[in-house]
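Chemist: Before we start, here is the structure in question, set down as structure tokens.
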Amino acid sequence: MKGYVRQIVVLIAIVAMIYLNLTSNGSGFTEPSQVETTQSYYLYPTDFSPAPLTFLIWAPIFLGMLGLAVYQALPRNRQDKRFDKIALPIIIVSILNAVVNYVPITLSVIVVSFLLASLAWAFVTIVQLPSDRLFYSFVRVPVGIFFGWITIATILNVCQWLVSVGWDGGIVSSAIWVAILVIIASGIGSFVITRYREIAFGVVLIWGFLGILLSDLSQISVLIAVVVCSLLLCLLIAQVVKDNNMTQETFNPA
């Protein structure tokens with residue numbers, strides 16, 4: 001998909017995704033939406049469910065994706081082959097993120113898994129492309145934020161499905177399971193930050209971890225896991241920022 005056709009299709013796909021999300025059961029700004037609902041957030045509460053305030057993350061996700069849609073649709077970007085390469089995964093992401101609002105909890109696990117895979121495809125494609133400041137701001141950052149949140153949301157969605165089928169965690173307490181899941185998500189975040197030098201992904205994970213902690217401050221194991229994993233991600237992010245600053249100084253000596 002290239003040129004003018006690509007610009008129109010991507011723009012329509014993203015705008016339709018945002019519209020269908022905002023008109024579904026959750027607003028996406030003040031209530032859990034997308035993967036977390038079709039009422040599943042309320043019908044199948046889990047200890048991994050973040051505080052409702054955490055879902056304000058959908059505001060920058062929607063705005064960022066809208067910015068991507070408009071930016072790639074500018075006349076100057078019509079023949080930019082970078083946007084041709086990311087068009088298909090972005091369109092698939094938009095479709096899946098809209099569809100997941102309207103399917104039952106069991107099917108949503110499948111849909112959100114493909115959504116996560118599609119975001120990974122889009123993200124890995126983007127980081128391999130030549131980048132300038134505008135491309136980084138309007139393409140890489142929004143997709144990185146989206147990718148980070150859907151990583152959290154996928155784990156949450158699986159937890160909700162397990163609750164829906166009656167699984168109670170077995171011999172392991174729910175608090176320990178939450179701590180384990182936070183550690184797993186932190187491991188994924190550590191890999192993305194160090195391998196792809198991606199800050200936005202890590203920041204979103206920290207935001208999600210804090211939301212999980214705020215939903216129940218009484219679980220010591222969760223508190224320890226959130227604090228330790230958040231500090232680890234902060235250190236990795238700080239190292240990426242430091243390395244980026246050193247690189248800029250090398251190429252732009254005073």
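Order determines the names: the first chain of the structure tokens is A, the second B, and so forth; residues in each chain are numbered 1 upward, and ligands are numbered 1 upward as they are shown.
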Segment 5-166 of chain A: which residues are helix (DSSP H, G or I) by DSSP, as a PyMOL selection string?

Modeler: chain A and resi 5-22+34-36+40-43+52-72+75-77+81-102+105-127+133-164

Chemist: I want to know what sits within 9 Å of Ile183 of chain A, based on only C-alpha atoms, with residues of the same chain fewer than 5 positions away left out; could you give that as a PyMOL selection string?

Modeler: chain A and resi 178+188+225-226+229

Chemist: Go ahead and save the picked residues with all heavy atoms, as a short mmCIF file (atom, residue, chain, number, x, y, z; two decimals), in the first residue's frame.

Modeler:
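Output below, filename out14.cif:
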data_model
loop_
_atom_site.label_atom_id
_atom_site.label_comp_id
_atom_site.auth_asym_id
_atom_site.auth_seq_id
_atom_site.Cartn_x
_atom_site.Cartn_y
_atom_site.Cartn_z
N VAL A 178 0.28 -11.57 41.42
CA VAL A 178 0.42 -10.20 40.90
C VAL A 178 1.89 -9.80 40.88
O VAL A 178 2.38 -9.22 39.91
CB VAL A 178 -0.40 -9.20 41.75
CG1 VAL A 178 -0.10 -7.77 41.33
CG2 VAL A 178 -1.89 -9.49 41.61
N ILE A 188 10.03 -7.96 30.33
CA ILE A 188 9.75 -7.57 28.94
C ILE A 188 10.18 -6.12 28.71
O ILE A 188 10.82 -5.80 27.71
CB ILE A 188 8.25 -7.75 28.63
CG1 ILE A 188 7.85 -9.22 28.73
CG2 ILE A 188 7.93 -7.19 27.24
CD1 ILE A 188 6.36 -9.46 28.65
N ALA A 225 7.41 -5.73 44.78
CA ALA A 225 7.63 -6.00 43.35
C ALA A 225 7.51 -4.72 42.53
O ALA A 225 8.34 -4.47 41.64
CB ALA A 225 6.63 -7.04 42.85
N VAL A 226 6.50 -3.92 42.82
CA VAL A 226 6.30 -2.67 42.07
C VAL A 226 7.45 -1.70 42.29
O VAL A 226 7.97 -1.11 41.33
CB VAL A 226 4.96 -2.03 42.46
CG1 VAL A 226 4.88 -0.59 41.93
CG2 VAL A 226 3.79 -2.83 41.91
N CYS A 229 10.79 -3.23 40.68
CA CYS A 229 10.73 -3.26 39.21
C CYS A 229 10.67 -1.84 38.63
O CYS A 229 11.28 -1.58 37.59
CB CYS A 229 9.52 -4.07 38.75
SG CYS A 229 9.68 -5.84 39.07
#

Chemist: Write out as JSON lines a residue-level contact list of segment 62-179 of chain A versus segment 42-51 of chain A with cut-off 8 Å: for each qualifying residue the closest pair of atoms and the distance in Å to one decimal, counting only C-alpha atoms, rows sorted by chain and residue number upward.

Modeler:
{"residue": "A:Leu156", "atom": "CA", "partner": "A:Phe48", "partner_atom": "CA", "distance": 6.3}
{"residue": "A:Cys159", "atom": "CA", "partner": "A:Thr46", "partner_atom": "CA", "distance": 6.7}
{"residue": "A:Gln160", "atom": "CA", "partner": "A:Tyr44", "partner_atom": "CA", "distance": 5.4}
{"residue": "A:Trp161", "atom": "CA", "partner": "A:Tyr44", "partner_atom": "CA", "distance": 7.7}
{"residue": "A:Val163", "atom": "CA", "partner": "A:Tyr44", "partner_atom": "CA", "distance": 6.0}
{"residue": "A:Ser164", "atom": "CA", "partner": "A:Tyr44", "partner_atom": "CA", "distance": 6.1}
{"residue": "A:Ser174", "atom": "CA", "partner": "A:Asp47", "partner_atom": "CA", "distance": 6.7}
{"residue": "A:Ala175", "atom": "CA", "partner": "A:Asp47", "partner_atom": "CA", "distance": 7.0}
{"residue": "A:Val178", "atom": "CA", "partner": "A:Phe48", "partner_atom": "CA", "distance": 5.6}

Chemist: Can you tell me how far atom CA of Leu205 of chain A sits from atom CA of Ile18 of chain A, in Å to one decimal?

Modeler: 22.0 Å

Chemist: Return the single residue from A:Leu129, A:Gly144, A:Ala98, A:Gly170 that is closest to Arg197 of chain A, with distances computed using only C-alpha atoms.

Modeler: A:Gly144

Chemist: Identify, on the basis of only C-alpha atoms, every residue whose closest approach to segment 207-223 of chain A does not exceed 12 Å; exclude the query and any residue fewer than 3 positions from it along the same chain; express the result as a VMD selection string.

Modeler: chain A and resid 45 to 58 145 148 to 153 155 to 156 173 to 186 189 200 to 204 226 to 231 233 to 234

Chemist: Enter the distance from atom CA of Ser131 of chain A to atom CA of Pro60 of chain A, in Å, rounded to one decimal.

Modeler: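 Separation between atom CA of Ser131 of chain A and atom CA of Pro60 of chain A: 21.2 Å.
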
Chemist: Which residues, written as a list of chain:residue names, have at least one atom at most 9 Å from Leu66 of chain A, with only C-alpha atoms counted and residues fewer than 4 positions away on the same chain left out?

Modeler: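 Contacts, in chain order: A:Leu11, A:Ile14, A:Val15, A:Ile18, A:Ile61, A:Phe62, A:Val70, A:Tyr71.
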
Chemist: Please dump the current selection as an mmCIF file, in the first residue's frame; keep N, CA, C and O atoms.

Modeler:
data_model
loop_
_atom_site.group_PDB
_atom_site.id
_atom_site.type_symbol
_atom_site.label_atom_id
_atom_site.label_comp_id
_atom_site.auth_asym_id
_atom_site.auth_seq_id
_atom_site.Cartn_x
_atom_site.Cartn_y
_atom_site.Cartn_z
ATOM 1 N N LEU A 11 -5.399 6.837 7.710
ATOM 2 C CA LEU A 11 -6.142 7.888 8.403
ATOM 3 C C LEU A 11 -7.529 7.399 8.805
ATOM 4 O O LEU A 11 -7.963 7.584 9.950
ATOM 5 N N ILE A 14 -7.339 4.673 11.713
ATOM 6 C CA ILE A 14 -7.049 5.193 13.047
ATOM 7 C C ILE A 14 -8.214 6.013 13.589
ATOM 8 O O ILE A 14 -8.593 5.888 14.764
ATOM 9 N N VAL A 15 -8.800 6.848 12.753
ATOM 10 C CA VAL A 15 -9.956 7.644 13.201
ATOM 11 C C VAL A 15 -11.117 6.736 13.577
ATOM 12 O O VAL A 15 -11.792 6.950 14.595
ATOM 13 N N ILE A 18 -10.445 5.115 17.017
ATOM 14 C CA ILE A 18 -10.695 6.040 18.123
ATOM 15 C C ILE A 18 -12.190 6.240 18.336
ATOM 16 O O ILE A 18 -12.688 6.204 19.470
ATOM 17 N N ILE A 61 -2.564 7.895 24.194
ATOM 18 C CA ILE A 61 -2.533 6.888 23.129
ATOM 19 C C ILE A 61 -3.375 7.354 21.949
ATOM 20 O O ILE A 61 -2.928 7.348 20.799
ATOM 21 N N PHE A 62 -4.596 7.764 22.207
ATOM 22 C CA PHE A 62 -5.480 8.217 21.129
ATOM 23 C C PHE A 62 -4.923 9.455 20.436
ATOM 24 O O PHE A 62 -4.902 9.543 19.205
ATOM 25 N N VAL A 70 -2.423 11.908 11.034
ATOM 26 C CA VAL A 70 -2.376 13.202 10.334
ATOM 27 C C VAL A 70 -0.995 13.435 9.737
ATOM 28 O O VAL A 70 -0.871 13.900 8.594
ATOM 29 N N TYR A 71 0.044 13.111 10.495
ATOM 30 C CA TYR A 71 1.405 13.356 10.022
ATOM 31 C C TYR A 71 1.716 12.558 8.760
ATOM 32 O O TYR A 71 2.264 13.100 7.788
#

Chemist: Counting only C-alpha atoms, figure out which residue out of A:Gln72, A:Ser108, A:Gln239, A:Asn244 gets nearest to Val158 of chain A.

Modeler: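 Closest candidate: A:Ser108.
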